[in-house]
>>> print(open('target_8.cif').read())   # mmCIF, C-alpha atoms (C1' of nucleotides)
data_upload
loop_
_atom_site.label_atom_id
_atom_site.label_comp_id
_atom_site.auth_asym_id
_atom_site.auth_seq_id
_atom_site.Cartn_x
_atom_site.Cartn_y
_atom_site.Cartn_z
CA MET A 1 38.07 12.00 -9.75
CA GLN A 2 39.69 9.06 -11.50
CA HIS A 3 38.02 8.86 -14.87
CA ALA A 4 38.64 5.69 -16.84
CA LEU A 5 36.12 6.62 -19.50
CA SER A 6 36.60 9.13 -22.25
CA LEU A 7 34.12 9.56 -25.07
CA THR A 8 36.81 9.72 -27.75
CA ARG A 9 37.69 6.11 -26.99
CA PHE A 10 34.21 4.90 -26.19
CA LEU A 11 32.91 2.70 -28.95
CA PRO A 12 29.18 3.44 -28.55
CA TYR A 13 29.86 7.15 -28.86
CA ARG A 14 32.25 6.82 -31.78
CA CYS A 15 30.01 4.43 -33.63
CA ASN A 16 26.99 6.60 -33.04
CA THR A 17 28.53 9.81 -34.27
CA LEU A 18 30.11 8.09 -37.25
CA ALA A 19 26.78 6.57 -38.23
CA ARG A 20 25.07 9.93 -37.88
CA LYS A 21 27.65 11.75 -39.97
CA ILE A 22 27.53 9.09 -42.65
CA SER A 23 23.77 9.24 -42.71
CA VAL A 24 23.69 13.02 -43.00
CA SER A 25 26.23 12.99 -45.79
CA LEU A 26 24.57 10.21 -47.76
CA SER A 27 21.03 11.42 -47.33
CA ARG A 28 21.94 14.56 -49.20
CA ILE A 29 21.84 12.40 -52.30
CA TYR A 30 18.48 10.76 -52.00
CA THR A 31 16.63 12.98 -49.53
CA GLU A 32 17.43 16.45 -50.74
CA ARG A 33 17.52 15.66 -54.40
CA PHE A 34 14.91 12.91 -54.77
CA GLY A 35 12.70 13.28 -51.71
CA ILE A 36 13.37 9.74 -50.52
CA SER A 37 13.64 9.03 -46.79
CA VAL A 38 16.16 6.60 -45.35
CA ALA A 39 13.47 4.00 -44.74
CA GLU A 40 12.14 4.41 -48.27
CA TRP A 41 15.65 4.12 -49.64
CA ARG A 42 16.15 0.82 -47.84
CA VAL A 43 12.93 -0.52 -49.25
CA LEU A 44 13.98 0.49 -52.75
CA VAL A 45 17.38 -1.17 -52.44
CA THR A 46 15.87 -4.35 -51.09
CA LEU A 47 13.24 -4.62 -53.77
CA ALA A 48 15.82 -3.87 -56.43
CA GLU A 49 17.79 -6.83 -55.13
CA TYR A 50 14.97 -9.31 -54.49
CA SER A 51 12.42 -8.13 -57.07
CA GLU A 52 9.31 -9.24 -55.13
CA LEU A 53 8.82 -9.51 -51.39
CA LEU A 54 6.26 -9.30 -48.62
CA ALA A 55 6.45 -6.31 -46.32
CA LYS A 56 7.47 -8.66 -43.54
CA GLN A 57 10.43 -9.92 -45.55
CA VAL A 58 11.48 -6.38 -46.33
CA GLY A 59 11.51 -5.71 -42.62
CA GLU A 60 13.69 -8.73 -41.91
CA LEU A 61 16.15 -7.84 -44.64
CA THR A 62 16.46 -4.21 -43.62
CA SER A 63 16.32 -4.50 -39.81
CA MET A 64 13.32 -2.19 -39.78
CA ASP A 65 10.25 -2.92 -37.74
CA LYS A 66 6.91 -3.36 -39.40
CA VAL A 67 5.69 0.15 -38.67
CA GLN A 68 8.65 1.68 -40.43
CA VAL A 69 8.20 -0.62 -43.38
CA SER A 70 4.50 0.05 -43.56
CA ARG A 71 4.97 3.81 -43.63
CA ALA A 72 7.84 3.70 -46.09
CA VAL A 73 5.85 1.46 -48.41
CA ALA A 74 2.82 3.73 -48.11
CA GLY A 75 4.94 6.71 -49.09
CA LEU A 76 6.39 4.91 -52.07
CA LEU A 77 2.99 3.66 -53.19
CA ASP A 78 1.64 7.20 -53.01
CA ARG A 79 4.28 8.26 -55.48
CA GLU A 80 3.63 5.13 -57.55
CA LEU A 81 7.20 3.93 -57.20
CA LEU A 82 5.95 0.53 -56.02
CA LEU A 83 3.41 -2.00 -57.17
CA ARG A 84 1.42 -4.15 -54.77
CA ARG A 85 -0.41 -7.30 -55.66
CA PRO A 86 -2.27 -9.64 -53.33
CA CYS A 87 -0.56 -12.77 -52.10
CA GLU A 88 -2.53 -15.93 -52.95
CA ARG A 89 -1.36 -17.95 -49.98
CA ASP A 90 -2.30 -15.28 -47.44
CA SER A 91 -4.84 -12.63 -48.24
CA ARG A 92 -3.64 -10.33 -45.45
CA ALA A 93 -0.25 -9.93 -47.04
CA ALA A 94 0.74 -8.31 -50.31
CA LEU A 95 3.67 -8.76 -52.61
CA LEU A 96 5.69 -5.65 -53.32
CA ARG A 97 7.87 -4.83 -56.29
CA LEU A 98 9.30 -1.76 -57.92
CA SER A 99 7.13 -0.10 -60.53
CA PRO A 100 8.86 0.94 -63.76
CA ALA A 101 9.02 4.46 -62.36
CA GLY A 102 10.50 3.14 -59.12
CA ALA A 103 13.08 1.08 -60.94
CA GLY A 104 13.95 4.07 -63.06
CA LEU A 105 14.36 6.29 -60.04
CA TYR A 106 16.47 3.68 -58.34
CA GLN A 107 18.72 3.41 -61.36
CA ARG A 108 19.25 7.13 -61.28
CA ILE A 109 20.11 7.17 -57.59
CA GLU A 110 22.19 4.00 -57.33
CA PRO A 111 25.26 5.14 -59.28
CA GLU A 112 25.45 8.33 -57.28
CA VAL A 113 25.23 6.44 -54.04
CA LEU A 114 27.91 4.01 -55.18
CA ALA A 115 30.14 6.90 -56.20
CA TRP A 116 29.58 8.49 -52.83
CA GLU A 117 30.47 5.22 -51.11
CA GLN A 118 33.65 4.90 -53.15
CA SER A 119 34.57 8.37 -52.14
CA LEU A 120 33.97 7.56 -48.48
CA LEU A 121 35.99 4.35 -48.65
CA ALA A 122 38.73 5.89 -50.77
CA PRO A 123 41.23 6.24 -47.92
CA LEU A 124 40.88 2.56 -47.02
CA GLU A 125 42.86 -0.22 -48.68
CA PRO A 126 40.79 -3.14 -49.94
CA ALA A 127 42.11 -5.21 -47.05
CA GLU A 128 41.06 -2.54 -44.60
CA ARG A 129 37.55 -2.54 -46.01
CA GLN A 130 37.40 -6.27 -45.51
CA THR A 131 38.62 -5.84 -41.97
CA LEU A 132 36.07 -3.15 -41.26
CA PHE A 133 33.14 -5.31 -42.30
CA ALA A 134 34.58 -8.28 -40.44
CA LEU A 135 34.83 -6.23 -37.26
CA ILE A 136 31.27 -5.01 -37.64
CA ASP A 137 30.15 -8.60 -38.12
CA LYS A 138 31.96 -9.67 -34.96
CA LEU A 139 30.46 -6.87 -32.92
CA GLU A 140 26.95 -7.58 -34.09
CA LEU A 141 27.40 -11.22 -33.31
CA GLN A 142 28.67 -10.41 -29.86
CA LEU A 143 25.74 -8.08 -29.24
CA ALA A 144 23.36 -10.87 -30.13
CA CYS A 145 25.12 -13.15 -27.65
CA MET A 146 25.07 -10.50 -24.95
CA SER A 147 21.37 -9.90 -25.24
CA ASP A 148 20.79 -13.61 -24.81
CA GLN A 149 22.71 -13.78 -21.52
CA PRO A 150 22.64 -10.21 -20.26
CA ALA A 151 24.98 -10.45 -17.26
CA ALA A 152 27.54 -13.13 -18.00
CA ASN A 153 30.40 -10.68 -18.36
CA GLN A 154 32.07 -10.62 -14.95
CA GLY A 155 34.46 -13.22 -13.64
CA SER A 156 32.35 -14.42 -10.73
CA THR A 157 29.18 -16.44 -11.08
CA MET B 1 18.07 -5.53 -63.17
CA GLN B 2 21.76 -5.49 -62.42
CA HIS B 3 22.04 -4.57 -58.76
CA ALA B 4 25.48 -3.61 -57.56
CA LEU B 5 24.25 -2.55 -54.18
CA SER B 6 23.29 -4.83 -51.34
CA LEU B 7 22.51 -3.54 -47.87
CA THR B 8 24.56 -6.24 -46.16
CA ARG B 9 27.70 -4.78 -47.69
CA PHE B 10 26.65 -1.16 -47.59
CA LEU B 11 28.59 0.70 -44.95
CA PRO B 12 25.96 3.32 -44.07
CA TYR B 13 23.43 0.60 -43.39
CA ARG B 14 25.79 -1.61 -41.43
CA CYS B 15 27.13 1.26 -39.39
CA ASN B 16 23.67 2.53 -38.67
CA THR B 17 22.26 -0.77 -37.47
CA LEU B 18 25.37 -1.52 -35.45
CA ALA B 19 25.18 1.86 -33.73
CA ARG B 20 21.50 1.34 -33.01
CA LYS B 21 22.02 -2.10 -31.54
CA ILE B 22 24.90 -0.89 -29.42
CA SER B 23 22.86 2.01 -28.19
CA VAL B 24 19.89 -0.15 -27.28
CA SER B 25 22.08 -2.61 -25.43
CA LEU B 26 24.05 0.01 -23.54
CA SER B 27 21.10 2.17 -22.66
CA ARG B 28 19.71 -0.68 -20.64
CA ILE B 29 22.33 0.23 -18.08
CA TYR B 30 21.83 3.95 -17.68
CA THR B 31 18.37 4.54 -19.10
CA GLU B 32 16.35 1.72 -17.62
CA ARG B 33 18.16 1.55 -14.32
CA PHE B 34 19.14 5.16 -13.68
CA GLY B 35 16.77 7.17 -15.86
CA ILE B 36 19.59 8.86 -17.75
CA SER B 37 19.19 9.60 -21.46
CA VAL B 38 22.01 9.21 -23.95
CA ALA B 39 22.52 12.96 -24.14
CA GLU B 40 22.55 13.25 -20.36
CA TRP B 41 25.00 10.39 -20.15
CA ARG B 42 27.37 12.17 -22.51
CA VAL B 43 27.21 15.32 -20.45
CA LEU B 44 27.98 13.36 -17.30
CA VAL B 45 30.97 11.63 -18.86
CA THR B 46 32.35 14.87 -20.20
CA LEU B 47 32.00 16.74 -16.94
CA ALA B 48 33.52 13.83 -15.07
CA GLU B 49 36.53 14.15 -17.34
CA TYR B 50 36.87 17.95 -17.51
CA SER B 51 35.37 18.95 -14.16
CA GLU B 52 34.06 22.36 -15.24
CA LEU B 53 32.90 23.48 -18.66
CA LEU B 54 30.61 25.83 -20.49
CA ALA B 55 27.62 24.30 -22.26
CA LYS B 56 29.22 25.26 -25.54
CA GLN B 57 32.36 23.30 -24.69
CA VAL B 58 30.29 20.30 -23.70
CA GLY B 59 28.68 20.47 -27.10
CA GLU B 60 32.00 20.55 -28.88
CA LEU B 61 33.39 17.64 -26.90
CA THR B 62 30.33 15.47 -27.37
CA SER B 63 29.36 16.30 -30.95
CA MET B 64 25.96 17.39 -29.76
CA ASP B 65 24.34 20.59 -30.90
CA LYS B 66 23.46 23.27 -28.43
CA VAL B 67 19.79 22.36 -28.22
CA GLN B 68 20.61 18.82 -27.20
CA VAL B 69 23.09 20.05 -24.64
CA SER B 70 20.64 22.59 -23.29
CA ARG B 71 17.95 19.99 -22.78
CA ALA B 72 20.27 17.42 -21.27
CA VAL B 73 21.68 19.99 -18.86
CA ALA B 74 18.20 21.15 -17.92
CA GLY B 75 17.22 17.58 -17.12
CA LEU B 76 20.30 17.00 -15.02
CA LEU B 77 19.85 20.29 -13.17
CA ASP B 78 16.26 19.35 -12.37
CA ARG B 79 17.52 16.26 -10.65
CA GLU B 80 20.31 18.27 -9.02
CA LEU B 81 23.03 16.16 -10.57
CA LEU B 82 24.75 19.30 -11.87
CA LEU B 83 25.80 22.63 -10.45
CA ARG B 84 25.76 25.82 -12.47
CA ARG B 85 27.60 28.97 -11.59
CA PRO B 86 27.80 32.18 -13.62
CA CYS B 87 30.82 32.81 -15.78
CA GLU B 88 32.55 36.06 -14.89
CA ARG B 89 33.89 36.76 -18.35
CA ASP B 90 30.53 36.34 -20.07
CA SER B 91 27.30 36.71 -18.18
CA ARG B 92 25.28 34.86 -20.81
CA ALA B 93 27.21 31.66 -20.22
CA ALA B 94 27.43 29.45 -17.14
CA LEU B 95 30.00 27.00 -15.90
CA LEU B 96 28.77 23.48 -15.32
CA ARG B 97 30.14 20.80 -13.04
CA LEU B 98 28.90 17.62 -11.42
CA SER B 99 27.21 18.01 -8.06
CA PRO B 100 28.24 15.52 -5.37
CA ALA B 101 25.08 13.58 -6.17
CA GLY B 102 25.95 13.67 -9.87
CA ALA B 103 29.49 12.50 -9.24
CA GLY B 104 28.17 9.73 -7.02
CA LEU B 105 25.70 8.60 -9.63
CA TYR B 106 28.39 8.67 -12.28
CA GLN B 107 30.67 6.55 -10.16
CA ARG B 108 27.93 3.99 -9.77
CA ILE B 109 27.23 3.86 -13.50
CA GLU B 110 30.76 4.03 -14.87
CA PRO B 111 32.04 0.61 -13.77
CA GLU B 112 28.96 -1.05 -15.16
CA VAL B 113 29.38 0.70 -18.47
CA LEU B 114 33.04 -0.24 -18.59
CA ALA B 115 32.19 -3.84 -17.83
CA TRP B 116 29.58 -3.80 -20.57
CA GLU B 117 32.12 -2.36 -23.00
CA GLN B 118 34.64 -5.04 -22.09
CA SER B 119 32.00 -7.61 -22.75
CA LEU B 120 31.25 -6.10 -26.13
CA LEU B 121 34.90 -5.91 -27.11
CA ALA B 122 35.71 -9.33 -25.69
CA PRO B 123 35.82 -11.09 -29.08
CA LEU B 124 38.33 -8.56 -30.44
CA GLU B 125 42.08 -8.83 -29.95
CA PRO B 126 43.77 -5.69 -28.62
CA ALA B 127 45.21 -5.10 -32.09
CA GLU B 128 41.76 -5.40 -33.61
CA ARG B 129 40.42 -2.81 -31.22
CA GLN B 130 43.19 -0.46 -32.26
CA THR B 131 42.37 -1.12 -35.88
CA LEU B 132 38.69 -0.50 -35.32
CA PHE B 133 39.25 2.91 -33.80
CA ALA B 134 41.79 3.77 -36.46
CA LEU B 135 39.30 2.91 -39.19
CA ILE B 136 36.62 5.01 -37.54
CA ASP B 137 39.08 7.89 -37.33
CA LYS B 138 39.89 7.57 -41.02
CA LEU B 139 36.25 7.50 -42.01
CA GLU B 140 35.37 10.54 -39.94
CA LEU B 141 38.29 12.40 -41.40
CA GLN B 142 37.23 11.48 -44.89
CA LEU B 143 33.67 12.59 -44.22
CA ALA B 144 34.97 15.95 -43.09
CA CYS B 145 36.94 16.27 -46.33
CA MET B 146 33.96 15.21 -48.42
CA SER B 147 31.67 17.79 -46.93
CA ASP B 148 34.23 20.46 -47.77
CA GLN B 149 34.36 19.53 -51.44
CA PRO B 150 31.08 17.73 -52.09
CA ALA B 151 31.64 16.42 -55.62
CA ALA B 152 35.35 15.78 -56.07
CA ASN B 153 34.93 12.02 -56.18
CA GLN B 154 34.90 11.08 -59.87
CA GLY B 155 37.96 10.72 -62.04
CA SER B 156 37.21 13.44 -64.54
CA THR B 157 37.39 17.13 -63.74
"C1'" DG C 1 -17.01 -25.78 -37.33
"C1'" DG C 2 -16.46 -22.82 -33.35
"C1'" DG C 3 -13.34 -21.31 -30.12
"C1'" DT C 4 -8.50 -19.59 -29.02
"C1'" DA C 5 -4.09 -18.05 -30.16
"C1'" DC C 6 -1.13 -16.02 -33.55
"C1'" DT C 7 0.43 -13.20 -37.56
"C1'" DG C 8 0.68 -9.42 -41.45
"C1'" DG C 9 -0.20 -5.01 -41.68
"C1'" DT C 10 -2.19 -0.37 -40.44
"C1'" DT C 11 -3.53 3.44 -37.49
"C1'" DG C 12 -3.32 6.58 -33.54
"C1'" DC C 13 -0.75 8.53 -29.92
"C1'" DT C 14 3.22 9.73 -27.18
"C1'" DT C 15 8.02 10.67 -26.93
"C1'" DT C 16 12.13 12.01 -29.08
"C1'" DT C 17 14.82 14.68 -32.45
"C1'" DG C 18 15.81 18.41 -35.54
"C1'" DT C 19 15.02 23.23 -37.24
"C1'" DA C 20 14.33 27.80 -36.83
"C1'" DA C 21 13.24 31.79 -34.32
"C1'" DC C 22 14.37 34.22 -30.43
"C1'" DC C 23 16.51 36.83 -26.28
"C1'" DA C 24 20.14 38.68 -23.89
"C1'" DA C 25 24.76 39.80 -23.75
"C1'" DC C 26 29.22 40.50 -25.98
"C1'" DT C 27 32.37 42.55 -29.76
"C1'" DG C 28 33.83 45.79 -32.84
"C1'" DT C 29 33.43 50.19 -35.40
"C1'" DC C 30 32.50 54.69 -36.11
"C1'" DG D 1 28.28 55.57 -26.56
"C1'" DA D 2 25.11 54.09 -30.35
"C1'" DC D 3 24.88 50.78 -33.99
"C1'" DA D 4 25.47 46.39 -36.57
"C1'" DG D 5 26.90 41.86 -36.34
"C1'" DT D 6 27.90 37.74 -33.54
"C1'" DT D 7 27.48 34.36 -29.94
"C1'" DG D 8 25.67 31.49 -25.61
"C1'" DG D 9 21.67 29.60 -24.49
"C1'" DT D 10 16.56 28.78 -24.39
"C1'" DT D 11 12.04 28.28 -26.32
"C1'" DA D 12 8.55 27.10 -29.80
"C1'" DC D 13 7.31 24.41 -33.57
"C1'" DA D 14 7.62 20.50 -37.09
"C1'" DA D 15 9.29 16.08 -38.55
"C1'" DA D 16 10.29 11.51 -37.23
"C1'" DA D 17 10.73 7.23 -34.19
"C1'" DG D 18 8.82 4.15 -30.92
"C1'" DC D 19 4.86 1.84 -28.69
"C1'" DA D 20 0.60 -0.11 -28.15
"C1'" DA D 21 -3.89 -1.02 -29.73
"C1'" DC D 22 -6.25 -2.63 -33.44
"C1'" DC D 23 -8.32 -5.17 -37.71
"C1'" DA D 24 -8.56 -8.87 -40.76
"C1'" DG D 25 -7.07 -13.16 -41.91
"C1'" DT D 26 -4.71 -17.66 -40.71
"C1'" DA D 27 -3.59 -21.83 -37.98
"C1'" DC D 28 -4.37 -24.93 -34.60
"C1'" DC D 29 -7.24 -27.79 -31.66
"C1'" DC D 30 -10.96 -29.92 -29.70
#
>>> encode(input="target_8.cif", output="structure tokens")
Amino acid sequence: MQHALSLTRFLPYRCNTLARKISVSLSRIYTERFGISVAEWRVLVTLAEYSELLAKQVGELTSMDKVQVSRAVAGLLDRELLLRRPCERDSRAALLRLSPAGAGLYQRIEPEVLAWEQSLLAPLEPAERQTLFALIDKLELQLACMSDQPAANQGST
Amino acid sequence: MQHALSLTRFLPYRCNTLARKISVSLSRIYTERFGISVAEWRVLVTLAEYSELLAKQVGELTSMDKVQVSRAVAGLLDRELLLRRPCERDSRAALLRLSPAGAGLYQRIEPEVLAWEQSLLAPLEPAERQTLFALIDKLELQLACMSDQPAANQGST
DNA sequence: GGGTACTGGTTGCTTTTGTAACCAACTGTC
DNA sequence: GACAGTTGGTTACAAAAGCAACCAGTACCC
């Protein structure tokens, strides 16, 4: 059989395995040592950056759906790493922020994560890092276009 | 709080969401229309390329663990897309290959997947595609090194 | 102001994924 | 040729992800 397709050069496969390996490696820092899940980690990072947000906004900023956000927030509230106060404009929603304990935990984890990231990116020149993110941006953009017009990829109409 | 970390520039996050979006987009081809899971798809591709393999070899070539392979193979055997014959050298193991039906199915899916991939890579120059794969290679290599020596990333001893 | 449609968020359930235990067969050693 | 240790593969169980229904509150509209 004539096989044009090999996994080693197939972007979905390569991207998938890379993402999984990265995730496994990184999660050793915050999962094993601090008991934080990936979803919870994303919520922490986002609230550290934006200080106070609705759950919905957290979801938009982290590309998580509302169920994931809801469960991550619940877990963090259980451990009192987050504070929740009602939103005046909409009594269904609540504003989330890091509690002092949450901020403290985050400040312990962040430098380790940054060090880990530096270590991962060490073999790449600064220009290569730029390129990498630019390529990811392009691919995500293209994916968004493709999902708008699913079958506009062949030559014929 | 001084936040050095933002998800939009955090490689694990970007890589993860990109991989997920790619996977969702691609799986529309083989999952929705042919009822093939990602794991099953990988097995098909690998057997199309290597014609006859042990489950263990499939696992090595696809970066899947043996449980995943076992389940994918079981699913494909149920639908008679695979043939299994005993291995003379080791009666625990079995040699796997595509059945005629499996090869036929693969040949129907492959061109669509290739077209989809072309569409995804369309915005990238050939040189950029090269670069992308080279960067992925570098990162995977670095991850392998890092897992060997977990904490050799800071300047001091 | 009472209906309808929508939205923020949670809960319950099903499907998928990962982990660990397991079985049968192979290898090596004595 | 018995035994300990290993390996190919499957099965059983637990954690996690995805999906749909749901509740309470909001917005619109007449």
>>> atom_distance(input="target_8.cif", atom1="CA of Leu44 (chain B)", atom2="CA of Lys66 (chain B)")
15.6 Å
>>> residues_near_point(input="target_8.cif", point="(-9.6, -15.6, -39.9)", cutoff="12 Å", atoms="all atoms listed in the file", output="list in words")
Asp90, Ser91 and Arg92 of chain A; DG2, DG3, DT4, DA5, DC6 and DT7 of chain C; DC23, DA24, DG25, DT26, DA27 and DC28 of chain D
>>> residues_around(input="target_8.cif", residues="DT11 (chain D)", least_positions_apart="6", cutoff="10 Å", atoms="all atoms listed in the file", output="PyMOL selection string")
(chain B and resi 67) or (chain C and resi 21-23)
>>> resolve_selection(input="target_8.cif", expression="the PyMOL selection byres ((chain B) within 6 of (chain A))", output="VMD selection string")
chain B and resid 15 to 16 19 119 153
>>> closest_atom_pairs(input="target_8.cif", of="chain B", to="chain D", cutoff="12 Å", atoms="all atoms listed in the file", output="CSV")
residue,atom,partner,partner_atom,distance
B:Leu54,CA,D:DG8,C1',9.1
B:Ala55,CA,D:DG8,C1',8.2
B:Lys56,CA,D:DG8,C1',7.2
B:Gln57,CA,D:DG8,C1',10.6
B:Gly59,CA,D:DG8,C1',11.5
B:Asp65,CA,D:DG9,C1',11.4
B:Lys66,CA,D:DG9,C1',7.7
B:Val67,CA,D:DT10,C1',8.1
B:Gln68,CA,D:DT10,C1',11.1
B:Val69,CA,D:DG9,C1',9.7
B:Ser70,CA,D:DG9,C1',7.2
B:Arg71,CA,D:DT10,C1',9.0
B:Val73,CA,D:DG9,C1',11.1
B:Ala74,CA,D:DT10,C1',10.1
B:Cys87,CA,D:DG8,C1',11.2
B:Asp90,CA,D:DG8,C1',8.8
B:Ser91,CA,D:DG8,C1',9.2
B:Arg92,CA,D:DG8,C1',5.9
B:Ala93,CA,D:DG8,C1',5.6
B:Ala94,CA,D:DG8,C1',8.9
B:Leu95,CA,D:DG8,C1',11.5
>>> closest_atom_pairs(input="target_8.cif", of="chain C", to="chain A", cutoff="9 Å", atoms="only C-alpha atoms (C1' of nucleotides)", output="JSON lines")
{"residue": "C:DG8", "atom": "C1'", "partner": "A:Ala93", "partner_atom": "CA", "distance": 5.7}
{"residue": "C:DG9", "atom": "C1'", "partner": "A:Ser70", "partner_atom": "CA", "distance": 7.2}
{"residue": "C:DT10", "atom": "C1'", "partner": "A:Ser70", "partner_atom": "CA", "distance": 7.4}
>>> write_last_selection(input="target_8.cif", atoms="C-alpha atoms (C1' of nucleotides)", output="mmCIF file, keeping the file's coordinate frame")
data_model
loop_
_atom_site.group_PDB
_atom_site.id
_atom_site.type_symbol
_atom_site.label_atom_id
_atom_site.label_comp_id
_atom_site.auth_asym_id
_atom_site.auth_seq_id
_atom_site.Cartn_x
_atom_site.Cartn_y
_atom_site.Cartn_z
ATOM 1 C "C1'" DG C 8 0.680 -9.420 -41.450
ATOM 2 C "C1'" DG C 9 -0.200 -5.010 -41.680
ATOM 3 C "C1'" DT C 10 -2.190 -0.370 -40.440
#
>>> atom_distance(input="target_8.cif", atom1="CA of Ala72 (chain A)", atom2="CA of Ile36 (chain A)")
9.3 Å
>>> atom_distance(input="target_8.cif", atom1="CA of Leu82 (chain A)", atom2="CA of Arg97 (chain A)")
5.7 Å
>>> build_atoms(input="target_8.cif", residues="region 45-61 of chain A", atoms="N, CA and C atoms", output="short mmCIF file (atom, residue, chain, number, x, y, z; two decimals), in the coordinates of the input")
data_model
loop_
_atom_site.label_atom_id
_atom_site.label_comp_id
_atom_site.auth_asym_id
_atom_site.auth_seq_id
_atom_site.Cartn_x
_atom_site.Cartn_y
_atom_site.Cartn_z
N VAL A 45 16.20 -0.32 -52.23
CA VAL A 45 17.38 -1.17 -52.44
C VAL A 45 17.00 -2.64 -52.33
N THR A 46 16.21 -2.95 -51.34
CA THR A 46 15.87 -4.35 -51.09
C THR A 46 15.02 -4.92 -52.21
N LEU A 47 14.08 -4.12 -52.68
CA LEU A 47 13.24 -4.62 -53.77
C LEU A 47 14.01 -4.66 -55.08
N ALA A 48 14.98 -3.79 -55.23
CA ALA A 48 15.82 -3.87 -56.43
C ALA A 48 16.62 -5.16 -56.42
N GLU A 49 16.98 -5.61 -55.23
CA GLU A 49 17.79 -6.83 -55.13
C GLU A 49 16.94 -8.08 -55.23
N TYR A 50 15.75 -8.07 -54.59
CA TYR A 50 14.97 -9.31 -54.49
C TYR A 50 13.74 -9.33 -55.38
N SER A 51 13.52 -8.25 -56.09
CA SER A 51 12.42 -8.13 -57.07
C SER A 51 11.01 -8.19 -56.46
N GLU A 52 10.67 -9.22 -55.69
CA GLU A 52 9.31 -9.24 -55.13
C GLU A 52 9.31 -9.84 -53.74
N LEU A 53 8.78 -9.10 -52.79
CA LEU A 53 8.82 -9.51 -51.39
C LEU A 53 7.55 -9.08 -50.66
N LEU A 54 7.28 -9.76 -49.55
CA LEU A 54 6.26 -9.30 -48.62
C LEU A 54 6.85 -8.21 -47.75
N ALA A 55 5.99 -7.37 -47.21
CA ALA A 55 6.45 -6.31 -46.32
C ALA A 55 7.25 -6.91 -45.15
N LYS A 56 6.78 -8.00 -44.65
CA LYS A 56 7.47 -8.66 -43.54
C LYS A 56 8.91 -9.02 -43.91
N GLN A 57 9.08 -9.55 -45.11
CA GLN A 57 10.43 -9.92 -45.55
C GLN A 57 11.31 -8.70 -45.71
N VAL A 58 10.72 -7.63 -46.23
CA VAL A 58 11.48 -6.38 -46.33
C VAL A 58 11.99 -5.97 -44.96
N GLY A 59 11.12 -6.07 -43.98
CA GLY A 59 11.51 -5.71 -42.62
C GLY A 59 12.66 -6.56 -42.12
N GLU A 60 12.61 -7.85 -42.38
CA GLU A 60 13.69 -8.73 -41.91
C GLU A 60 15.00 -8.39 -42.60
N LEU A 61 14.93 -8.09 -43.88
CA LEU A 61 16.15 -7.84 -44.64
C LEU A 61 16.76 -6.47 -44.34
#
